[in-house]
Structures are given as C-alpha cells and as structure tokens.
Amino acid sequence: MKNLKFILLVLAALGLASCKKDVSTEKKSKDSLVAKKDSAVVPEIHKEYYGIYMGDFAGKEMITPEFGEEYEGNVYKKLSLKINRITKDSVYGQSIVNGNQRPFRGVFNESTQSFILDEPGNDKTDGRFEIKLKNDSITGKWTAFNKAAVKAPLKNLKLIKKEFAYNPNFMLDENSDLIDWENPKDFKEKYTDEETGKTETYTESKNRIASDAVFKINASKQKLTEKDLKNLRKLDMEIIKNAVFARHGYAFKKPTYRYFFEQTDWYIPVSNNVDNELSPMEKDNVALLNRFIKYAEDKYDSFGR
C-alpha cells in the first residue's frame, strides 16, 4: 500500500512538471511569434523619391524698411526637405528652415503623386506640408498649426532635388557678398560744419565686412598655423571656421552664417550636429581658429542696402 501511494505521488509530480513545461514552451512560442512580428521589416516603396529637395520657402510678412513705411511683402527663406523612407502607409523625413530641424511623418498618394506631411506639433513653428512631386521637383504649400505663433502662417515652396556630398574643396564664390548684415553697430562720427567751423558729432550705423582671405584659406585642406591667422579679421576667421561645418552640411541657426553659405550652390543643410564628421585636421584647425576669434577685431564700414 505504501509503495502504491509512493508511485502515485511520483506520477502526479511528473505530470505537474510536464504541465509546467508545456505552458512554458507555449508561452515561449507565443513570445517568439510576437517578437518575429514586431521585427518584421515593412516593405519600402518608391525609393527613387528618397533624398533632399531644396529651394525657396516664401510667405507674406510685414516688412519694416530702414526708411519709409511698413508694408506687406514676400519673405524668402531656404527650405531643405529630406525624404528618408516611404511605405504603403507612411512617409518619414525631416525639414530644415533657419537651422531648425524638424521630423515629419505623413502619407503618399501614388495616383496624384502628392504628399501630406505633418511635423510633430510641439513647436510653434510646426505645420503641415501639402506638396506635389513632378520628376525631380516639389511644389506646394506649408500651413502652420498655430497660425498666431508665426509671422507667415502660409508659405509656398518650390524645391529641386539635390545630392549632398562632402567635398573639402568647396569654397565661397569670389562674387559673394561679404557683409554681415545681421549685426550692425553704431559709431559716433565727427564732422566740421563749413559755415560755423564747429565740430559736430553724429551716429552712423556700420556693418562688419570680411576680406578676400576667405577665398584663399581652406581649413578643410590645409593645416593652419598662427602665422596664417594673426592678421585676419574676426569675421574672416568666423567664415573660414564655419566653412568647415558648412561642407559637412551643418544647419546654421545664426542668420549671418546662413547668409554667407546660402550664396553658394553647394551648401545643403542636413544636420544640427556634424562634429563627428570632422577630420582630425579640421578639428585642430577649428580649435586654433576659436582661440584667435576670441581676441580678434572686426573691420566695420558703411553700406547701403
């Protein structure tokens, strides 16, 4: 009798262990199926449309001229629109305007060759792109989600597809405007009145101006020395330094630098951080330029605009 009870207990224990094993195996099998489903790659379509589209981004704003009355006119900015991925249900990418990089997600309509792309909405500058694709160009409009938060809640855009590639040979064009229009400074000037002979003072607004050194010194190709920099203006060195970042596609937030590099046909902003893309020599040159910029002086002059 005791032996029979022992045998029954052993069988019950084996059955319970088997049951636990089956449950565990079943759960593991289900988990594997879920993991497999989650890791499945959603097929991508229309990869030929992937890339960067750049061009004008224009909207009506109130413009205050230096002289005269305020008026409403078109203000043109540069927009970089990058399409990273297209699936049957979604489109993913990013927009860059004024150095502000924003992700977007939307849909693509194959029959009309058009996109509706929404930025996240958690920034006052976010909005919706409604655009149409034709060959290598994109046209359409952008509408702000918060119309009261921006100067031009409706903007039109006209973009052309461009290929970004780092090239250490890229330089400013020698016909570039080298005036920093964003940082005028007032100076007290003196003059002698011819009739009275008295010396009078007046205030004149002047702007920083770079020299032609920015066309000759390339911090992406040559190892700079203190001798190369000691006679340069502060704006010269700022342009030479930021040309390194521009070649790598850095999206400048400061209007001064955007203005200089948007005058070229090679500048394509692709990222808010390109530090890891710089070569060792470029990093050394940037560090040296920063040292000299700290103590350098600018040249100012008077210009009409």
# chains A, B, ... in the order shown; residues from 1 in each chain; ligands from 1
call {"tool": "residues_around", "arguments": {"residues": "segment 208-222 of chain A", "least_positions_apart": "5", "cutoff": "7 Å", "atoms": "only C-alpha atoms", "output": "PDB file with C-alpha atoms, in the first residue's frame"}}
result
ATOM      1  CA  PRO A 168      36.850  69.612 -48.888  1.00  0.00           C
ATOM      2  CA  MET A 171      34.709  77.471 -51.064  1.00  0.00           C
ATOM      3  CA  LEU A 172      32.698  80.681 -51.152  1.00  0.00           C
ATOM      4  CA  GLU A 174      34.537  85.073 -55.256  1.00  0.00           C
ATOM      5  CA  LEU A 178      30.998  89.528 -47.597  1.00  0.00           C
ATOM      6  CA  ILE A 179      28.969  91.940 -45.470  1.00  0.00           C
ATOM      7  CA  ASP A 180      27.429  90.811 -42.194  1.00  0.00           C
ATOM      8  CA  ARG A 233      39.727  89.953 -39.163  1.00  0.00           C
ATOM      9  CA  LEU A 235      34.700  87.828 -39.431  1.00  0.00           C
ATOM     10  CA  ASP A 236      37.317  86.283 -41.746  1.00  0.00           C
ATOM     11  CA  ILE A 239      33.711  82.347 -42.057  1.00  0.00           C
ATOM     12  CA  ILE A 240      36.813  80.155 -42.518  1.00  0.00           C
ATOM     13  CA  LYS A 241      35.856  78.122 -39.432  1.00  0.00           C
ATOM     14  CA  VAL A 244      34.322  73.543 -42.383  1.00  0.00           C
ATOM     15  CA  GLU A 282      39.615  70.046 -39.308  1.00  0.00           C
ATOM     16  CA  ASN A 285      42.019  73.967 -37.213  1.00  0.00           C
ATOM     17  CA  ASP A 298      36.473  93.395 -36.806  1.00  0.00           C
ATOM     18  CA  LYS A 299      36.518  95.923 -39.600  1.00  0.00           C
ATOM     19  CA  TYR A 300      33.342  97.982 -39.959  1.00  0.00           C
ATOM     20  CA  ASP A 301      32.181 100.112 -42.868  1.00  0.00           C
TER      21      ASP A 301
END
call {"tool": "select_by_dssp", "arguments": {"residues": "segment 202-299 of chain A", "states": "alpha helix (DSSP H)", "output": "PyMOL selection string"}}
result
chain A and resi 226-229+234-247+255-262+280-293
call {"tool": "closest_residue", "arguments": {"among": "A:Lys294, A:Lys158, A:Lys283, A:Lys188", "to": "Phe129 of chain A", "atoms": "only C-alpha atoms"}}
result
A:Lys158
call {"tool": "closest_residue", "arguments": {"among": "A:Phe261, A:Phe245, A:Tyr191, A:Tyr166", "to": "Lys78 of chain A", "atoms": "only C-alpha atoms"}}
result
A:Phe261
call {"tool": "residues_around", "arguments": {"residues": "Tyr267 of chain A", "least_positions_apart": "2", "cutoff": "10 Å", "atoms": "only C-alpha atoms", "output": "ChimeraX atom specification"}}
result
/A:164-166,170-172,243,246-251,258,260-265,269-270
call {"tool": "residues_around", "arguments": {"residues": "Thr225 of chain A", "least_positions_apart": "2", "cutoff": "10 Å", "atoms": "only C-alpha atoms", "output": "compact mmCIF listing (two decimals) with N, CA and C atoms, in the first residue's frame"}}
result
# COMPACT_ATOMS: atom_id res chain seq x y z
N GLN A 222 44.12 72.49 -45.48
CA GLN A 222 45.46 72.88 -45.07
C GLN A 222 45.57 73.00 -43.56
N LYS A 223 46.70 72.56 -43.03
CA LYS A 223 46.95 72.68 -41.60
C LYS A 223 47.29 74.13 -41.29
N LYS A 227 50.66 81.90 -37.81
CA LYS A 227 51.08 82.88 -38.82
C LYS A 227 49.98 83.11 -39.86
N ASP A 228 49.23 82.05 -40.19
CA ASP A 228 48.15 82.17 -41.18
C ASP A 228 47.02 83.06 -40.68
N LEU A 229 46.85 83.14 -39.36
CA LEU A 229 45.67 83.78 -38.79
C LEU A 229 45.92 85.14 -38.15
N LYS A 230 47.16 85.45 -37.84
CA LYS A 230 47.42 86.59 -36.96
C LYS A 230 46.95 87.94 -37.52
N ASN A 285 42.14 72.62 -36.64
CA ASN A 285 42.02 73.97 -37.21
C ASN A 285 40.90 74.77 -36.56
N LEU A 288 42.10 76.00 -33.20
CA LEU A 288 43.02 77.13 -33.35
C LEU A 288 42.26 78.40 -33.72
N LEU A 289 41.32 78.28 -34.64
CA LEU A 289 40.52 79.44 -35.04
C LEU A 289 39.73 79.99 -33.87
call {"tool": "closest_residue", "arguments": {"among": "A:Lys190, A:Lys206, A:Lys82, A:Lys155", "to": "Pro103 of chain A", "atoms": "only C-alpha atoms"}}
result
A:Lys82
call {"tool": "closest_atom_pairs", "arguments": {"of": "segment 135-230 of chain A", "to": "segment 72-75 of chain A", "cutoff": "12 Å", "atoms": "only C-alpha atoms", "output": "CSV"}}
result
residue,atom,partner,partner_atom,distance
A:Lys151,CA,A:Val75,CA,10.0
A:Ala152,CA,A:Val75,CA,8.8
A:Leu154,CA,A:Asn74,CA,11.1
A:Lys155,CA,A:Asn74,CA,9.4
A:Asn156,CA,A:Asn74,CA,10.1
A:Leu157,CA,A:Val75,CA,11.8
call {"tool": "atom_distance", "arguments": {"atom1": "atom CA of Ala296 of chain A", "atom2": "atom CA of Lys185 of chain A"}}
result
16.5 Å
call {"tool": "closest_residue", "arguments": {"among": "A:Ser114, A:Asn231, A:Leu278, A:Ile268", "to": "Lys134 of chain A", "atoms": "only C-alpha atoms"}}
result
A:Ser114
call {"tool": "select_by_dssp", "arguments": {"residues": "segment 141-305 of chain A", "states": "strand (DSSP E)", "output": "compact mmCIF listing (two decimals) with N, CA, C and O atoms, in the first residue's frame"}}
result
# COMPACT_ATOMS: atom_id res chain seq x y z
N LYS A 141 2.53 73.84 -50.62
CA LYS A 141 2.40 74.84 -49.56
C LYS A 141 2.64 74.20 -48.20
O LYS A 141 2.59 72.98 -48.03
N TRP A 142 2.89 75.08 -47.25
CA TRP A 142 3.03 74.71 -45.84
C TRP A 142 2.10 75.60 -45.04
O TRP A 142 2.04 76.81 -45.27
N THR A 143 1.35 75.00 -44.11
CA THR A 143 0.42 75.76 -43.27
C THR A 143 0.75 75.51 -41.80
O THR A 143 0.86 74.35 -41.37
N ALA A 144 0.93 76.56 -41.04
CA ALA A 144 1.26 76.44 -39.62
C ALA A 144 0.09 75.87 -38.83
O ALA A 144 -1.07 76.21 -39.10
N LEU A 154 1.14 80.83 -43.79
CA LEU A 154 1.03 80.10 -45.05
C LEU A 154 2.25 80.43 -45.91
O LEU A 154 2.54 81.60 -46.17
N LYS A 155 2.96 79.39 -46.34
CA LYS A 155 4.13 79.60 -47.19
C LYS A 155 4.05 78.68 -48.40
O LYS A 155 3.56 77.55 -48.31
N ASN A 156 4.54 79.20 -49.52
CA ASN A 156 4.63 78.40 -50.74
C ASN A 156 6.07 77.93 -50.91
O ASN A 156 7.02 78.62 -50.52
N LEU A 157 6.23 76.77 -51.50
CA LEU A 157 7.57 76.24 -51.68
C LEU A 157 7.77 75.69 -53.09
O LEU A 157 6.85 75.19 -53.73
N LYS A 158 9.00 75.83 -53.54
CA LYS A 158 9.40 75.31 -54.85
C LYS A 158 10.81 74.75 -54.69
O LYS A 158 11.76 75.49 -54.50
N LEU A 159 10.93 73.42 -54.76
CA LEU A 159 12.17 72.75 -54.42
C LEU A 159 12.68 71.89 -55.57
O LEU A 159 11.91 71.39 -56.39
N ILE A 160 14.00 71.72 -55.60
CA ILE A 160 14.66 70.87 -56.59
C ILE A 160 15.50 69.83 -55.84
O ILE A 160 16.14 70.14 -54.83
N LYS A 161 15.52 68.61 -56.35
CA LYS A 161 16.28 67.54 -55.71
C LYS A 161 17.77 67.80 -55.83
O LYS A 161 18.27 68.16 -56.90
N LYS A 162 18.49 67.62 -54.71
CA LYS A 162 19.94 67.83 -54.70
C LYS A 162 20.62 66.65 -54.01
O LYS A 162 20.05 66.03 -53.12
N ILE A 179 29.43 91.03 -46.52
CA ILE A 179 28.97 91.94 -45.47
C ILE A 179 28.06 91.18 -44.50
O ILE A 179 27.17 90.44 -44.92
N ASP A 180 28.30 91.38 -43.22
CA ASP A 180 27.43 90.81 -42.19
C ASP A 180 26.31 91.81 -41.94
O ASP A 180 26.46 92.76 -41.17
N TRP A 181 25.16 91.56 -42.56
CA TRP A 181 24.04 92.50 -42.45
C TRP A 181 23.28 92.35 -41.14
O TRP A 181 22.45 93.19 -40.80
N GLU A 182 23.55 91.28 -40.41
CA GLU A 182 22.75 90.96 -39.22
C GLU A 182 23.22 91.65 -37.95
O GLU A 182 22.50 91.67 -36.97
N ASN A 183 24.42 92.19 -37.95
CA ASN A 183 24.98 92.75 -36.71
C ASN A 183 25.52 94.17 -36.90
O ASN A 183 26.73 94.40 -36.73
N PRO A 184 24.66 95.11 -37.25
CA PRO A 184 25.14 96.49 -37.41
C PRO A 184 25.56 97.07 -36.05
O PRO A 184 25.09 96.63 -35.00
N LYS A 185 26.43 98.04 -36.11
CA LYS A 185 26.92 98.67 -34.88
C LYS A 185 26.96 100.17 -35.10
O LYS A 185 27.37 100.64 -36.16
N ASP A 186 26.51 100.91 -34.10
CA ASP A 186 26.50 102.38 -34.20
C ASP A 186 27.84 102.97 -33.77
O ASP A 186 28.42 102.56 -32.75
N PHE A 187 28.31 103.93 -34.57
CA PHE A 187 29.57 104.61 -34.28
C PHE A 187 29.33 106.11 -34.23
O PHE A 187 28.53 106.66 -34.99
N LYS A 188 30.02 106.77 -33.31
CA LYS A 188 29.97 108.23 -33.22
C LYS A 188 31.01 108.81 -34.18
O LYS A 188 32.20 108.50 -34.09
N GLU A 189 30.55 109.61 -35.12
CA GLU A 189 31.45 110.21 -36.11
C GLU A 189 31.47 111.74 -35.92
O GLU A 189 30.50 112.33 -35.43
N LYS A 190 32.56 112.34 -36.33
CA LYS A 190 32.69 113.81 -36.20
C LYS A 190 32.82 114.45 -37.58
O LYS A 190 33.35 113.85 -38.51
N TYR A 191 32.30 115.64 -37.69
CA TYR A 191 32.49 116.41 -38.92
C TYR A 191 32.53 117.89 -38.56
O TYR A 191 32.05 118.31 -37.50
N THR A 192 33.11 118.68 -39.46
CA THR A 192 33.22 120.12 -39.21
C THR A 192 32.24 120.86 -40.10
O THR A 192 32.24 120.70 -41.33
N THR A 199 32.84 121.71 -34.74
CA THR A 199 32.89 120.25 -34.90
C THR A 199 31.63 119.64 -34.29
O THR A 199 31.31 119.88 -33.12
N GLU A 200 30.93 118.88 -35.11
CA GLU A 200 29.69 118.24 -34.67
C GLU A 200 29.88 116.72 -34.66
O GLU A 200 30.80 116.18 -35.30
N THR A 201 29.00 116.04 -33.95
CA THR A 201 29.02 114.57 -33.94
C THR A 201 27.69 114.03 -34.43
O THR A 201 26.65 114.67 -34.28
N TYR A 202 27.76 112.88 -35.03
CA TYR A 202 26.54 112.19 -35.48
C TYR A 202 26.75 110.68 -35.35
O TYR A 202 27.89 110.21 -35.24
N THR A 203 25.65 109.95 -35.35
CA THR A 203 25.71 108.48 -35.22
C THR A 203 25.52 107.84 -36.59
O THR A 203 24.58 108.17 -37.31
N GLU A 204 26.41 106.92 -36.91
CA GLU A 204 26.31 106.20 -38.19
C GLU A 204 26.35 104.70 -37.93
O GLU A 204 27.18 104.20 -37.17
N SER A 205 25.41 103.98 -38.55
CA SER A 205 25.37 102.52 -38.42
C SER A 205 26.30 101.89 -39.45
O SER A 205 26.22 102.20 -40.64
N LYS A 206 27.16 100.98 -38.97
CA LYS A 206 28.10 100.31 -39.86
C LYS A 206 27.99 98.80 -39.69
O LYS A 206 27.49 98.30 -38.69
N ASN A 207 28.48 98.09 -40.71
CA ASN A 207 28.41 96.62 -40.70
C ASN A 207 29.81 96.02 -40.81
O ASN A 207 30.71 96.59 -41.41
N ARG A 208 29.94 94.83 -40.24
CA ARG A 208 31.20 94.09 -40.37
C ARG A 208 31.39 93.66 -41.82
O ARG A 208 30.44 93.34 -42.52
N ILE A 209 32.64 93.61 -42.24
CA ILE A 209 32.95 93.15 -43.59
C ILE A 209 34.18 92.25 -43.55
O ILE A 209 35.13 92.52 -42.83
N TYR A 300 34.69 97.52 -39.68
CA TYR A 300 33.34 97.98 -39.96
C TYR A 300 33.38 99.04 -41.05
O TYR A 300 34.33 99.80 -41.18
N ASP A 301 32.30 99.08 -41.85
CA ASP A 301 32.18 100.11 -42.87
C ASP A 301 30.70 100.42 -43.09
O ASP A 301 29.83 99.71 -42.60
